[in-house]
file query.cif (mmCIF, C-alpha atoms and all ligand atoms)
data_work
#
loop_
_atom_site.label_atom_id
_atom_site.label_comp_id
_atom_site.auth_asym_id
_atom_site.auth_seq_id
_atom_site.Cartn_x
_atom_site.Cartn_y
_atom_site.Cartn_z
CA MET S 53 123.67 120.02 75.88
CA SER S 54 123.32 116.28 76.40
CA GLU S 55 120.84 114.65 74.04
CA ILE S 56 119.74 111.06 73.59
CA THR S 57 117.23 109.56 71.15
CA PHE S 58 115.67 106.23 72.09
CA GLN S 59 114.48 104.72 68.81
CA ASN S 60 111.77 102.31 67.75
CA ALA S 61 110.46 101.16 71.15
CA LEU S 62 107.00 100.08 72.24
CA VAL S 63 106.33 103.23 74.24
CA VAL S 64 103.80 103.77 77.01
CA SER S 65 103.40 107.54 77.33
CA GLY S 66 101.02 109.98 78.98
CA ASN S 67 97.74 108.52 77.67
CA GLY S 68 98.63 105.13 79.22
CA GLU S 69 98.49 103.32 75.88
CA ALA S 70 101.35 101.48 74.19
CA ALA S 71 102.45 102.63 70.71
CA GLU S 72 104.89 100.66 68.56
CA GLY S 73 107.79 102.10 66.60
CA THR S 74 108.04 105.17 68.80
CA ASP S 75 111.03 107.38 69.52
CA VAL S 76 111.69 109.36 72.69
CA VAL S 77 114.13 112.27 72.73
CA VAL S 78 115.72 113.41 75.99
CA ALA S 79 117.68 116.63 76.36
CA ASP S 80 119.25 117.85 79.59
CA GLY S 81 117.10 115.69 81.81
CA THR S 82 113.79 116.52 80.13
CA ILE S 83 111.71 114.58 77.61
CA ILE S 84 111.45 116.94 74.66
CA GLU S 85 109.80 114.78 71.98
CA ILE S 86 107.79 111.56 71.69
CA GLY S 87 106.70 110.34 68.26
CA GLN S 88 107.35 108.28 65.13
CA ASP S 89 110.42 108.70 62.89
CA LEU S 90 111.82 111.63 64.82
CA GLU S 91 115.04 113.28 63.76
CA VAL S 92 117.89 111.84 65.83
CA ARG S 93 119.33 114.27 68.33
CA GLY S 94 122.53 113.41 70.16
CA GLU S 95 123.22 109.72 70.61
CA ALA S 96 120.79 107.20 69.05
CA ILE S 97 119.92 104.10 71.08
CA ASP S 98 118.08 101.33 69.26
CA CYS S 99 115.19 99.90 71.31
CA THR S 100 113.67 97.54 68.76
CA GLY S 101 111.62 94.83 70.49
CA LYS S 102 111.79 96.60 73.83
CA TRP S 103 109.30 98.42 76.03
CA LEU S 104 109.91 102.02 77.06
CA GLY S 105 107.84 103.61 79.79
CA PRO S 106 108.06 105.66 82.96
CA GLY S 107 110.64 104.51 85.52
CA LEU S 108 109.22 102.11 88.10
CA VAL S 109 108.04 103.30 91.51
CA ASP S 110 108.04 101.14 94.65
CA VAL S 111 105.78 102.23 97.48
CA HIS S 112 107.11 99.60 99.90
CA THR S 113 110.88 99.34 100.37
CA HIS S 114 112.94 98.68 103.48
CA PHE S 115 116.28 100.48 103.19
CA ARG S 116 117.18 99.82 106.87
CA GLU S 117 118.84 103.23 107.33
CA PRO S 118 119.07 104.58 109.98
CA GLY S 119 119.96 101.81 112.38
CA GLN S 120 120.45 98.50 110.56
CA GLU S 121 122.96 99.37 107.87
CA TRP S 122 124.54 95.92 107.99
CA LYS S 123 121.42 94.64 106.19
CA GLU S 124 121.11 97.46 103.65
CA ASP S 125 121.48 101.23 103.56
CA ILE S 126 120.14 103.97 101.36
CA ALA S 127 123.13 103.68 99.00
CA SER S 128 123.00 99.90 98.55
CA GLY S 129 119.20 99.91 98.46
CA SER S 130 119.22 102.66 95.84
CA ARG S 131 121.55 100.53 93.72
CA ALA S 132 119.15 97.59 93.93
CA ALA S 133 116.25 99.87 93.01
CA ALA S 134 118.02 101.33 89.98
CA ALA S 135 119.08 97.84 88.87
CA GLY S 136 115.42 96.81 89.03
CA GLY S 137 114.30 99.68 86.79
CA TYR S 138 113.09 101.96 89.59
CA THR S 139 113.44 105.73 89.66
CA ALA S 140 111.65 106.25 93.00
CA ALA S 141 111.17 104.19 96.15
CA VAL S 142 109.20 104.88 99.31
CA ALA S 143 111.27 103.95 102.36
CA MET S 144 109.32 102.26 105.15
CA PRO S 145 109.62 103.94 108.57
CA ASN S 146 110.36 100.86 110.70
CA THR S 147 114.01 101.86 111.06
CA ASP S 148 115.94 102.47 114.28
CA PRO S 149 114.90 105.07 115.26
CA PRO S 150 111.51 104.79 113.55
CA ILE S 151 110.57 107.72 111.26
CA ASP S 152 107.98 109.31 113.55
CA ALA S 153 109.09 112.97 113.41
CA GLY S 154 109.85 115.52 110.73
CA HIS S 155 113.65 115.71 111.07
CA LEU S 156 113.92 111.93 110.63
CA ALA S 157 111.91 112.02 107.40
CA ARG S 158 114.13 114.82 106.12
CA PHE S 159 117.24 112.77 106.96
CA VAL S 160 116.00 109.86 104.79
CA ALA S 161 115.12 112.09 101.85
CA ASP S 162 118.46 113.95 102.12
CA ARG S 163 120.44 110.68 102.16
CA GLY S 164 118.56 109.62 99.04
CA ARG S 165 119.48 112.87 97.31
CA GLN S 166 123.16 112.47 98.27
CA VAL S 167 123.21 108.97 96.79
CA GLY S 168 121.40 110.23 93.70
CA LEU S 169 120.25 106.97 92.07
CA VAL S 170 116.51 107.13 92.77
CA ASP S 171 114.16 109.48 94.59
CA VAL S 172 114.03 108.10 98.15
CA VAL S 173 110.67 109.12 99.56
CA PRO S 174 110.17 108.71 103.31
CA ALA S 175 106.99 107.18 104.69
CA GLY S 176 106.14 108.12 108.28
CA CYS S 177 104.89 106.18 111.27
CA ILE S 178 101.26 106.34 112.35
CA THR S 179 102.17 105.92 116.03
CA LEU S 180 105.06 107.22 118.07
CA GLY S 181 107.94 104.75 117.96
CA ARG S 182 105.56 102.30 116.21
CA LYS S 183 104.42 101.40 119.72
CA GLY S 184 100.71 101.74 119.01
CA GLU S 185 100.10 103.96 122.05
CA LYS S 186 100.17 107.59 120.89
CA LEU S 187 100.07 109.22 117.48
CA ALA S 188 103.37 110.04 115.81
CA HIS S 189 104.18 113.68 114.96
CA LEU S 190 101.84 113.51 111.96
CA ASP S 191 101.86 117.29 111.45
CA GLU S 192 105.67 117.47 111.31
CA LEU S 193 105.85 114.43 109.05
CA TYR S 194 103.27 115.89 106.70
CA ASN S 195 105.13 119.21 106.61
CA ALA S 196 108.33 117.30 105.78
CA GLY S 197 106.57 115.96 102.67
CA VAL S 198 105.35 112.59 103.99
CA ARG S 199 102.09 111.41 102.38
CA LEU S 200 102.09 107.71 103.26
CA PHE S 201 101.72 106.79 106.92
CA THR S 202 102.24 103.27 108.23
CA ASP S 203 103.44 101.25 111.20
CA ASP S 204 104.53 98.57 108.69
CA GLY S 205 105.97 95.50 110.32
CA GLY S 206 103.09 95.86 112.74
CA THR S 207 99.39 96.66 112.63
CA VAL S 208 97.77 99.54 114.52
CA ALA S 209 95.79 97.43 116.99
CA ASP S 210 93.90 100.27 118.73
CA ALA S 211 90.98 101.17 116.47
CA GLY S 212 90.36 104.41 118.37
CA LEU S 213 93.92 105.58 117.82
CA LEU S 214 93.75 104.59 114.16
CA ARG S 215 90.49 106.51 113.77
CA ARG S 216 92.17 109.66 115.11
CA ALA S 217 95.04 109.27 112.66
CA MET S 218 92.54 108.77 109.85
CA GLU S 219 90.58 111.87 110.80
CA TYR S 220 93.74 113.94 110.87
CA LEU S 221 94.98 112.65 107.52
CA ALA S 222 91.56 112.80 105.84
CA GLU S 223 91.66 116.59 106.26
CA ARG S 224 95.07 116.73 104.56
CA ASP S 225 94.53 113.96 102.02
CA GLY S 226 97.33 111.83 103.47
CA VAL S 227 97.12 108.05 103.13
CA ILE S 228 96.83 105.44 105.87
CA VAL S 229 98.89 102.45 104.73
CA GLU S 230 98.30 99.32 106.78
CA HIS S 231 100.23 96.11 107.35
CA CYS S 232 97.16 93.96 108.04
CA VAL S 233 98.02 91.12 110.40
CA ASP S 234 96.07 90.70 113.63
CA ALA S 235 98.76 90.12 116.26
CA GLY S 236 96.65 87.80 118.39
CA LEU S 237 95.62 85.50 115.56
CA ALA S 238 99.15 85.48 114.16
CA ALA S 239 100.91 84.87 117.49
CA GLY S 240 103.50 82.14 117.12
CA GLY S 241 102.55 81.60 113.47
CA GLN S 242 105.34 80.53 111.13
CA MET S 243 103.47 80.05 107.84
CA HIS S 244 99.99 80.02 106.29
CA GLU S 245 97.46 77.99 108.31
CA GLY S 246 96.20 75.30 105.99
CA GLU S 247 96.85 71.82 104.64
CA VAL S 248 100.59 72.30 104.36
CA SER S 249 100.99 73.64 107.91
CA SER S 250 98.96 70.70 109.24
CA ARG S 251 101.18 68.26 107.39
CA LEU S 252 104.36 69.97 108.63
CA GLY S 253 103.01 70.35 112.15
CA MET S 254 103.85 74.05 112.09
CA ALA S 255 101.87 76.82 113.78
CA GLY S 256 99.94 78.80 111.17
CA VAL S 257 98.70 82.32 110.51
CA PRO S 258 95.07 82.03 109.34
CA SER S 259 93.81 84.11 106.43
CA GLU S 260 91.39 85.68 108.88
CA ALA S 261 94.32 87.43 110.62
CA GLU S 262 94.59 89.61 107.51
CA GLU S 263 90.94 89.82 106.57
CA ILE S 264 89.55 91.01 109.91
CA VAL S 265 92.02 93.91 109.98
CA ILE S 266 91.11 94.92 106.42
CA ALA S 267 87.39 94.69 107.23
CA ARG S 268 87.87 96.86 110.34
CA ASP S 269 89.95 99.40 108.47
CA ILE S 270 87.48 99.65 105.60
CA ALA S 271 84.75 100.42 108.15
CA LEU S 272 86.96 103.18 109.60
CA ALA S 273 87.82 104.49 106.14
CA ARG S 274 84.08 104.75 105.47
CA LEU S 275 83.63 106.61 108.77
CA THR S 276 86.46 109.09 108.22
CA GLY S 277 86.71 109.42 104.43
CA VAL S 278 90.49 108.86 104.53
CA ARG S 279 92.50 107.41 101.65
CA TYR S 280 93.36 103.88 102.75
CA HIS S 281 95.92 101.52 101.22
CA VAL S 282 96.36 97.82 102.02
CA GLN S 283 99.93 96.53 101.99
CA HIS S 284 100.97 93.09 100.75
CA VAL S 285 97.53 91.56 100.16
CA SER S 286 97.89 87.79 100.46
CA THR S 287 94.45 86.13 100.56
CA ALA S 288 91.53 85.64 98.17
CA GLY S 289 89.16 86.85 100.89
CA ALA S 290 91.13 90.10 101.17
CA VAL S 291 90.81 90.65 97.42
CA ASP S 292 87.02 90.28 97.78
CA LEU S 293 86.89 92.79 100.66
CA ILE S 294 88.87 95.33 98.62
CA ALA S 295 86.68 94.78 95.55
CA ALA S 296 83.56 95.44 97.64
CA ALA S 297 85.03 98.62 99.16
CA LYS S 298 85.89 99.91 95.70
CA ALA S 299 82.45 99.06 94.36
CA GLU S 300 81.05 101.16 97.18
CA GLY S 301 83.18 104.10 96.07
CA LEU S 302 85.53 104.21 99.06
CA ARG S 303 89.05 105.52 98.47
CA VAL S 304 90.71 102.17 98.99
CA THR S 305 93.78 100.87 97.12
CA ALA S 306 95.89 97.74 97.48
CA GLU S 307 99.23 96.23 96.57
CA ALA S 308 100.54 92.73 95.93
CA THR S 309 104.18 91.71 96.30
CA PRO S 310 106.26 89.74 93.78
CA HIS S 311 106.69 86.88 96.27
CA HIS S 312 102.97 86.52 96.96
CA LEU S 313 102.36 86.55 93.19
CA CYS S 314 105.11 83.99 92.53
CA PHE S 315 105.01 81.35 95.28
CA ASP S 316 102.43 79.41 97.29
CA ASP S 317 102.80 77.69 100.65
CA SER S 318 103.99 74.42 99.11
CA TYR S 319 107.43 76.09 98.86
CA VAL S 320 107.56 76.09 102.66
CA GLU S 321 107.99 72.30 102.56
CA SER S 322 111.61 72.95 101.54
CA ALA S 323 112.11 74.49 105.02
CA ASN S 324 114.21 77.14 103.27
CA PRO S 325 113.80 80.45 105.16
CA LEU S 326 113.88 82.30 101.82
CA TYR S 327 110.17 81.43 101.70
CA LYS S 328 109.44 82.85 105.15
CA MET S 329 107.60 86.16 105.06
CA MET S 330 104.77 88.06 106.77
CA PRO S 331 102.07 87.80 105.68
CA PRO S 332 103.02 84.23 104.79
CA LEU S 333 102.92 82.61 101.38
CA ARG S 334 99.33 81.43 101.03
CA ALA S 335 97.50 78.62 99.21
CA ALA S 336 97.65 78.22 95.42
CA SER S 337 94.04 79.47 95.19
CA ASP S 338 95.10 82.70 96.95
CA VAL S 339 97.98 83.20 94.52
CA ALA S 340 95.55 82.77 91.62
CA ALA S 341 93.20 85.35 93.19
CA LEU S 342 96.05 87.86 93.56
CA ARG S 343 97.08 87.48 89.92
CA GLU S 344 93.48 87.87 88.79
CA GLY S 345 93.03 90.86 91.12
CA LEU S 346 96.02 92.56 89.53
CA ARG S 347 94.72 91.89 86.02
CA SER S 348 91.22 93.16 86.87
CA GLY S 349 92.49 96.25 88.73
CA VAL S 350 91.07 95.32 92.15
CA ILE S 351 94.71 95.23 93.22
CA ASP S 352 96.10 98.52 91.99
CA LEU S 353 99.80 97.95 92.02
CA VAL S 354 102.83 95.80 92.73
CA ALA S 355 105.09 96.80 95.64
CA THR S 356 108.17 94.84 96.59
CA ASP S 357 108.28 94.77 100.41
CA HIS S 358 112.04 94.54 99.73
CA ALA S 359 113.19 93.35 103.17
CA PRO S 360 116.95 92.79 103.44
CA HIS S 361 118.39 90.52 106.12
CA ALA S 362 122.05 89.56 106.37
CA ASP S 363 123.10 85.96 105.73
CA HIS S 364 124.02 85.42 109.37
CA GLU S 365 120.45 86.33 110.28
CA LYS S 366 118.58 84.46 107.55
CA ASP S 367 120.77 81.32 107.58
CA HIS S 368 118.99 79.72 110.48
CA ALA S 369 116.52 76.96 111.02
CA TRP S 370 113.06 78.05 109.81
CA GLU S 371 111.69 78.93 113.24
CA GLU S 372 114.57 81.26 114.13
CA ALA S 373 114.91 83.01 110.77
CA PRO S 374 113.44 86.52 110.35
CA PHE S 375 110.49 87.21 108.04
CA GLY S 376 111.05 88.83 104.64
CA VAL S 377 112.93 88.70 101.34
CA ILE S 378 114.44 91.23 98.94
CA GLY S 379 112.79 91.89 95.60
CA LEU S 380 113.63 95.23 93.94
CA GLU S 381 115.83 93.67 91.25
CA TRP S 382 113.31 91.04 90.12
CA ALA S 383 109.85 92.53 90.65
CA ALA S 384 109.44 93.55 86.99
CA ALA S 385 110.57 90.14 85.77
CA VAL S 386 108.25 88.33 88.19
CA VAL S 387 105.26 90.39 87.06
CA ASN S 388 106.21 89.83 83.42
CA THR S 389 106.69 86.10 83.91
CA VAL S 390 103.81 85.04 86.15
CA VAL S 391 100.99 87.58 85.82
CA GLY S 392 100.72 88.01 82.08
CA LEU S 393 100.03 91.72 81.64
CA GLY S 394 100.23 93.75 78.46
CA THR S 395 102.77 96.54 78.14
CA ALA S 396 100.42 99.32 79.24
CA GLU S 397 99.20 97.34 82.28
CA PHE S 398 102.79 96.46 83.22
CA PHE S 399 103.66 100.15 83.52
CA ARG S 400 100.33 100.92 85.18
CA VAL S 401 100.87 98.51 88.08
CA LEU S 402 104.62 99.12 88.48
CA SER S 403 104.84 102.86 87.83
CA THR S 404 101.73 104.95 87.23
CA ALA S 405 99.54 103.62 90.06
CA PRO S 406 102.29 103.65 92.72
CA ALA S 407 103.40 107.15 91.67
CA GLY S 408 99.78 108.29 91.99
CA LEU S 409 99.41 106.78 95.44
CA ALA S 410 102.56 108.50 96.71
CA GLU S 411 101.83 111.72 94.78
CA LEU S 412 105.16 111.75 92.97
CA GLY S 413 104.65 114.21 90.16
CA ASP S 414 108.00 113.54 88.45
CA HIS S 415 107.24 109.84 88.12
CA GLY S 416 104.66 107.48 86.71
CA THR S 417 104.09 109.13 83.36
CA LEU S 418 106.11 109.83 80.23
CA GLU S 419 105.26 113.21 78.75
CA VAL S 420 106.87 115.92 76.67
CA GLY S 421 108.19 118.49 79.12
CA GLY S 422 108.41 115.94 81.92
CA THR S 423 111.48 114.79 83.84
CA ALA S 424 113.31 111.96 82.07
CA ASN S 425 112.65 109.15 84.56
CA LEU S 426 112.26 106.10 82.34
CA LEU S 427 112.82 102.39 81.90
CA VAL S 428 113.70 100.37 78.79
CA PHE S 429 112.68 96.78 79.44
CA ASP S 430 113.22 93.69 77.30
CA PRO S 431 110.22 91.41 77.96
CA GLU S 432 111.82 88.41 76.25
CA ALA S 433 115.35 88.45 77.69
CA ALA S 434 116.28 86.32 80.67
CA ALA S 435 116.45 88.21 83.96
CA ASN S 436 119.76 88.21 85.81
CA THR S 437 119.15 85.83 88.71
CA SER S 438 122.80 84.97 89.31
CA SER S 439 123.71 87.84 91.63
CA THR S 440 122.41 90.87 93.50
CA VAL S 441 123.66 94.40 94.09
CA SER S 442 121.81 94.64 97.40
CA ARG S 443 123.88 94.31 100.57
CA SER S 444 121.79 91.29 101.50
CA SER S 445 121.12 88.24 99.35
CA ASN S 446 117.94 86.83 100.90
CA ALA S 447 116.23 86.43 97.52
CA PRO S 448 114.15 83.40 96.55
CA TYR S 449 114.59 84.44 92.90
CA LEU S 450 118.34 83.72 92.70
CA GLY S 451 118.81 80.77 90.37
CA MET S 452 115.25 80.92 89.00
CA GLU S 453 114.40 81.32 85.34
CA LEU S 454 112.53 84.61 84.99
CA ARG S 455 111.70 86.42 81.79
CA GLY S 456 112.24 90.16 81.40
CA ALA S 457 115.37 92.26 81.83
CA VAL S 458 116.09 95.88 82.68
CA VAL S 459 118.10 97.25 79.73
CA HIS S 460 118.32 100.94 80.61
CA THR S 461 117.16 102.90 83.64
CA MET S 462 117.31 106.66 83.25
CA TYR S 463 116.94 108.78 86.38
CA ARG S 464 116.56 112.53 85.90
CA GLY S 465 118.16 112.30 82.47
CA ARG S 466 121.15 110.24 83.57
CA PHE S 467 121.68 106.51 83.05
CA THR S 468 121.72 104.60 86.31
CA VAL S 469 121.59 101.33 84.34
CA ARG S 470 122.92 101.22 80.80
CA SER S 471 122.83 98.10 78.62
CA GLY S 472 122.10 96.06 81.72
CA SER S 473 125.02 97.44 83.74
CA LEU S 474 124.65 99.53 86.85
CA GLN S 475 126.45 102.82 86.27
CA ALA S 476 128.89 104.25 88.78
CA VAL S 477 127.57 107.55 90.02
CA ALA S 478 129.65 110.14 91.80
CA GLY S 479 128.83 110.39 95.47
CA VAL S 480 127.86 106.74 95.91
CA ALA S 481 130.09 104.78 98.23
CA GLY S 482 130.48 101.12 97.26
ZN ZN V 1 104.47 94.65 106.19
#

call {"tool": "encode", "arguments": {"input": "query.cif", "output": "structure tokens"}}
result
Amino acid sequence: MSEITFQNALVVSGNGEAAEGTDVVVADGTIIEIGQDLEVRGEAIDCTGKWLGPGLVDVHTHFREPGQEWKEDIASGSRAAAAGGYTAAVAMPNTDPPIDAGHLARFVADRGRQVGLVDVVPAGCITLGRKGEKLAHLDELYNAGVRLFTDDGGTVADAGLLRRAMEYLAERDGVIVEHCVDAGLAAGGQMHEGEVSSRLGMAGVPSEAEEIVIARDIALARLTGVRYHVQHVSTAGAVDLIAAAKAEGLRVTAEATPHHLCFDDSYVESANPLYKMMPPLRAASDVAALREGLRSGVIDLVATDHAPHADHEKDHAWEEAPFGVIGLEWAAAVVNTVVGLGTAEFFRVLSTAPAGLAELGDHGTLEVGGTANLLVFDPEAAANTSSTVSRSSNAPYLGMELRGAVVHTMYRGRFTVRSGSLQAVAGVAG
């Protein structure tokens, strides 16, 4: 019987509150005791000064498998997730082929199980091939366990088609997850439309490109009663729309990414494509609104939009470089450094809320009898920003000073990160 006792941590357990000087005992993959001054069972691990809570959950990861394994695959992406303190990650369906049918979703989940570092949870497409013309095989996807449906990377432009998807999923309590960027308004856009884009003479993407899609979708969510989730919120106006929808009692949730919380559009002046993403980095006032939205709960959670691109793709002049950056390894440190949340709120936005959205029962809470998916985090230690375990290195965080380090990640009772080191796990190819 393998037993481990984590001692003297600041622990966030089932009630969502943080308690100091708390021990957690794990035996054979299950949490068997949480409390003060517990008798040590098995190996004792001192966690003085550290936070211990449920393993992190990302509802927005691009693992690029199948089809673009030179950027990342489920093995390398799982490593990055574990290194970042995650025990589950939802894989976006904009792969090649896109995940628009049941067997494809099963392939992604099976690959995740073979790798065995995090639960890899497939999201499914809303439309067939992400083409925006016909609905994907929503029934098959749902039967394969998919609960989050998105054409991420693109927006469902046809409101009639989206309404049909919403009606179908409202009956089953699935979630419509939207990448909100109006293609017409964003056409040719390279960055946020504002003072900086005017100065640089660069074509911009106005805030309205995001806000009109969210406003439309909220109207359709009201019409259909579906659960609706907004991906990568980037503007202050979007935060206001989401706040109003929540005040009305609609089942609307939203995420912010580490990069939108960390950087504003002044970084684009460097012309470094590591600051090129969609939606774009917005104005400083938008960044402030996102941080405040996260603190107030209008924005429910942090999701990475981890988007690997190989060096030969990203090392181009700004206009030719692809959109997106990786983030799994630094999301917790970014939240800890720039948002200023307490321990309980940290685990709420990075674990409990995302696990709830994706309906992952083994994640998001730390309870006696529950699966031992947990993170020990040192909020004062410097984050490792000198290297990455992802296959791609398109990270704006490399070289930055960020506070907060993953000390241990435990996935189903086994260390995937121990004392800051990624653990080799049988079945994972390098
Ligand atoms: Zn997106």

call {"tool": "residues_around", "arguments": {"input": "query.cif", "residues": "Gln88 (chain S)", "least_positions_apart": "5", "cutoff": "7 Å", "atoms": "all atoms listed in the file", "output": "list in words"}}
result
Gly73, Thr74 and Asp75 of chain S

call {"tool": "residues_near_ligand", "arguments": {"input": "query.cif", "ligand": "ligand ZN 1 (chain V)", "cutoff": "9 Å", "atoms": "only C-alpha atoms and all ligand atoms", "output": "list in words"}}
result
His112, Asp203, Asp204, Gly205, Gly206, Thr207, Glu230, His231, Cys232, Val233, Gln283, His284, Met330, Pro331, Asp357 and Gly376 of chain S

call {"tool": "atom_distance", "arguments": {"input": "query.cif", "atom1": "CA of Ala433 (chain S)", "atom2": "CA of Gly456 (chain S)"}}
result
5.1 Å

call {"tool": "atom_distance", "arguments": {"input": "query.cif", "atom1": "CA of Gly413 (chain S)", "atom2": "CA of Leu108 (chain S)"}}
result
13.1 Å

call {"tool": "closest_residue", "arguments": {"input": "query.cif", "among": "S:Gly176, S:Gly301, S:Pro325, S:Gly345", "to": "Ala288 (chain S)", "atoms": "all atoms listed in the file"}}
result
S:Gly345

call {"tool": "closest_residue", "arguments": {"input": "query.cif", "among": "S:Cys314, S:Ile151, S:Leu221, S:Leu426", "to": "Ala273 (chain S)", "atoms": "all atoms listed in the file"}}
result
S:Leu221

call {"tool": "residues_around", "arguments": {"input": "query.cif", "residues": "region 170-175 of chain S", "least_positions_apart": "6", "cutoff": "6 Å", "atoms": "all atoms listed in the file", "output": "list in words"}}
result
Thr139, Ala140, Ala141, Val142, Ala143, Met144, Pro145, Ala157, Ala161, Gly164, Val198, Leu200 and Phe201 of chain S

call {"tool": "write_last_selection", "arguments": {"input": "query.cif", "atoms": "C-alpha atoms", "output": "PDB file, in the coordinates of the input"}}
result
ATOM      1  CA  THR S 139     113.440 105.730  89.660  1.00  0.00           C
ATOM      2  CA  ALA S 140     111.650 106.250  93.000  1.00  0.00           C
ATOM      3  CA  ALA S 141     111.170 104.190  96.150  1.00  0.00           C
ATOM      4  CA  VAL S 142     109.200 104.880  99.310  1.00  0.00           C
ATOM      5  CA  ALA S 143     111.270 103.950 102.360  1.00  0.00           C
ATOM      6  CA  MET S 144     109.320 102.260 105.150  1.00  0.00           C
ATOM      7  CA  PRO S 145     109.620 103.940 108.570  1.00  0.00           C
ATOM      8  CA  ALA S 157     111.910 112.020 107.400  1.00  0.00           C
ATOM      9  CA  ALA S 161     115.120 112.090 101.850  1.00  0.00           C
ATOM     10  CA  GLY S 164     118.560 109.620  99.040  1.00  0.00           C
ATOM     11  CA  VAL S 198     105.350 112.590 103.990  1.00  0.00           C
ATOM     12  CA  LEU S 200     102.090 107.710 103.260  1.00  0.00           C
ATOM     13  CA  PHE S 201     101.720 106.790 106.920  1.00  0.00           C
TER      14      PHE S 201
END

call {"tool": "atom_distance", "arguments": {"input": "query.cif", "atom1": "CA of Trp122 (chain S)", "atom2": "CA of Glu365 (chain S)"}}
result
10.7 Å

call {"tool": "residues_around", "arguments": {"input": "query.cif", "residues": "region 387-398 of chain S", "least_positions_apart": "6", "cutoff": "9 Å", "atoms": "all atoms listed in the file", "output": "PyMOL selection string"}}
result
chain S and resi 62-65+68-70+103+105+310+313-314+343-344+346-347+354+431+454-456

call {"tool": "closest_atom_pairs", "arguments": {"input": "query.cif", "of": "region 286-348 of chain S", "to": "region 448-453 of chain S", "cutoff": "9 Å", "atoms": "only C-alpha atoms", "output": "Markdown table"}}
result
| residue | atom | partner | partner_atom | distance |
| --- | --- | --- | --- | --- |
| S:His311 | CA | S:Pro448 | CA | 8.2 |
| S:Leu326 | CA | S:Pro448 | CA | 5.4 |
| S:Tyr327 | CA | S:Pro448 | CA | 6.8 |

call {"tool": "closest_residue", "arguments": {"input": "query.cif", "among": "S:Ala235, S:Val265, S:Val459, S:Ala476", "to": "Gly168 (chain S)", "atoms": "all atoms listed in the file"}}
result
S:Ala476

call {"tool": "residues_around", "arguments": {"input": "query.cif", "residues": "Arg224 (chain S)", "least_positions_apart": "3", "cutoff": "10 Å", "atoms": "only C-alpha atoms", "output": "short mmCIF file (atom, residue, chain, number, x, y, z; two decimals) with C-alpha atoms, keeping the file's coordinate frame"}}
result
data_model
loop_
_atom_site.label_atom_id
_atom_site.label_comp_id
_atom_site.auth_asym_id
_atom_site.auth_seq_id
_atom_site.Cartn_x
_atom_site.Cartn_y
_atom_site.Cartn_z
CA ASP S 191 101.86 117.29 111.45
CA TYR S 194 103.27 115.89 106.70
CA ARG S 199 102.09 111.41 102.38
CA MET S 218 92.54 108.77 109.85
CA GLU S 219 90.58 111.87 110.80
CA TYR S 220 93.74 113.94 110.87
CA LEU S 221 94.98 112.65 107.52
CA VAL S 227 97.12 108.05 103.13
CA VAL S 278 90.49 108.86 104.53
#

call {"tool": "closest_residue", "arguments": {"input": "query.cif", "among": "S:Leu409, S:Lys328, S:Glu192, S:Gly465", "to": "Asp367 (chain S)", "atoms": "all atoms listed in the file"}}
result
S:Lys328

call {"tool": "closest_residue", "arguments": {"input": "query.cif", "among": "S:Val111, S:Ala335, S:Leu169, S:Ala447", "to": "Thr468 (chain S)", "atoms": "only C-alpha atoms"}}
result
S:Leu169

call {"tool": "residues_around", "arguments": {"input": "query.cif", "residues": "Ala209 (chain S)", "least_positions_apart": "5", "cutoff": "8 Å", "atoms": "all atoms listed in the file", "output": "VMD selection string"}}
result
chain S and resid 184 214 234 to 235

call {"tool": "decode", "arguments": {"input": "query.cif", "residues": "region 203-211 of chain S", "atoms": "N, CA and C atoms", "output": "PDB file, in the first residue's frame"}}
result
ATOM      1  N   ASP S 203     -16.173  25.716 -32.018  1.00  0.00           N
ATOM      2  CA  ASP S 203     -15.412  25.780 -33.266  1.00  0.00           C
ATOM      3  C   ASP S 203     -14.163  26.637 -33.044  1.00  0.00           C
ATOM      4  N   ASP S 204     -13.623  26.621 -31.831  1.00  0.00           N
ATOM      5  CA  ASP S 204     -12.518  27.511 -31.450  1.00  0.00           C
ATOM      6  C   ASP S 204     -11.469  27.656 -32.543  1.00  0.00           C
ATOM      7  N   GLY S 205     -10.982  28.878 -32.647  1.00  0.00           N
ATOM      8  CA  GLY S 205     -10.140  29.263 -33.777  1.00  0.00           C
ATOM      9  C   GLY S 205     -11.001  30.017 -34.773  1.00  0.00           C
ATOM     10  N   GLY S 206     -12.292  29.751 -34.713  1.00  0.00           N
ATOM     11  CA  GLY S 206     -13.274  30.460 -35.523  1.00  0.00           C
ATOM     12  C   GLY S 206     -14.574  30.593 -34.738  1.00  0.00           C
ATOM     13  N   THR S 207     -15.414  31.504 -35.206  1.00  0.00           N
ATOM     14  CA  THR S 207     -16.701  31.788 -34.582  1.00  0.00           C
ATOM     15  C   THR S 207     -17.794  31.202 -35.469  1.00  0.00           C
ATOM     16  N   VAL S 208     -18.849  30.662 -34.859  1.00  0.00           N
ATOM     17  CA  VAL S 208     -19.981  30.198 -35.670  1.00  0.00           C
ATOM     18  C   VAL S 208     -20.718  31.443 -36.165  1.00  0.00           C
ATOM     19  N   ALA S 209     -20.572  31.717 -37.461  1.00  0.00           N
ATOM     20  CA  ALA S 209     -21.111  32.973 -38.009  1.00  0.00           C
ATOM     21  C   ALA S 209     -22.624  32.904 -38.216  1.00  0.00           C
ATOM     22  N   ASP S 210     -23.137  31.725 -38.559  1.00  0.00           N
ATOM     23  CA  ASP S 210     -24.554  31.565 -38.898  1.00  0.00           C
ATOM     24  C   ASP S 210     -25.368  31.421 -37.616  1.00  0.00           C
ATOM     25  N   ALA S 211     -26.122  32.451 -37.275  1.00  0.00           N
ATOM     26  CA  ALA S 211     -26.868  32.446 -36.011  1.00  0.00           C
ATOM     27  C   ALA S 211     -27.955  31.374 -35.997  1.00  0.00           C
TER      28      ALA S 211
END
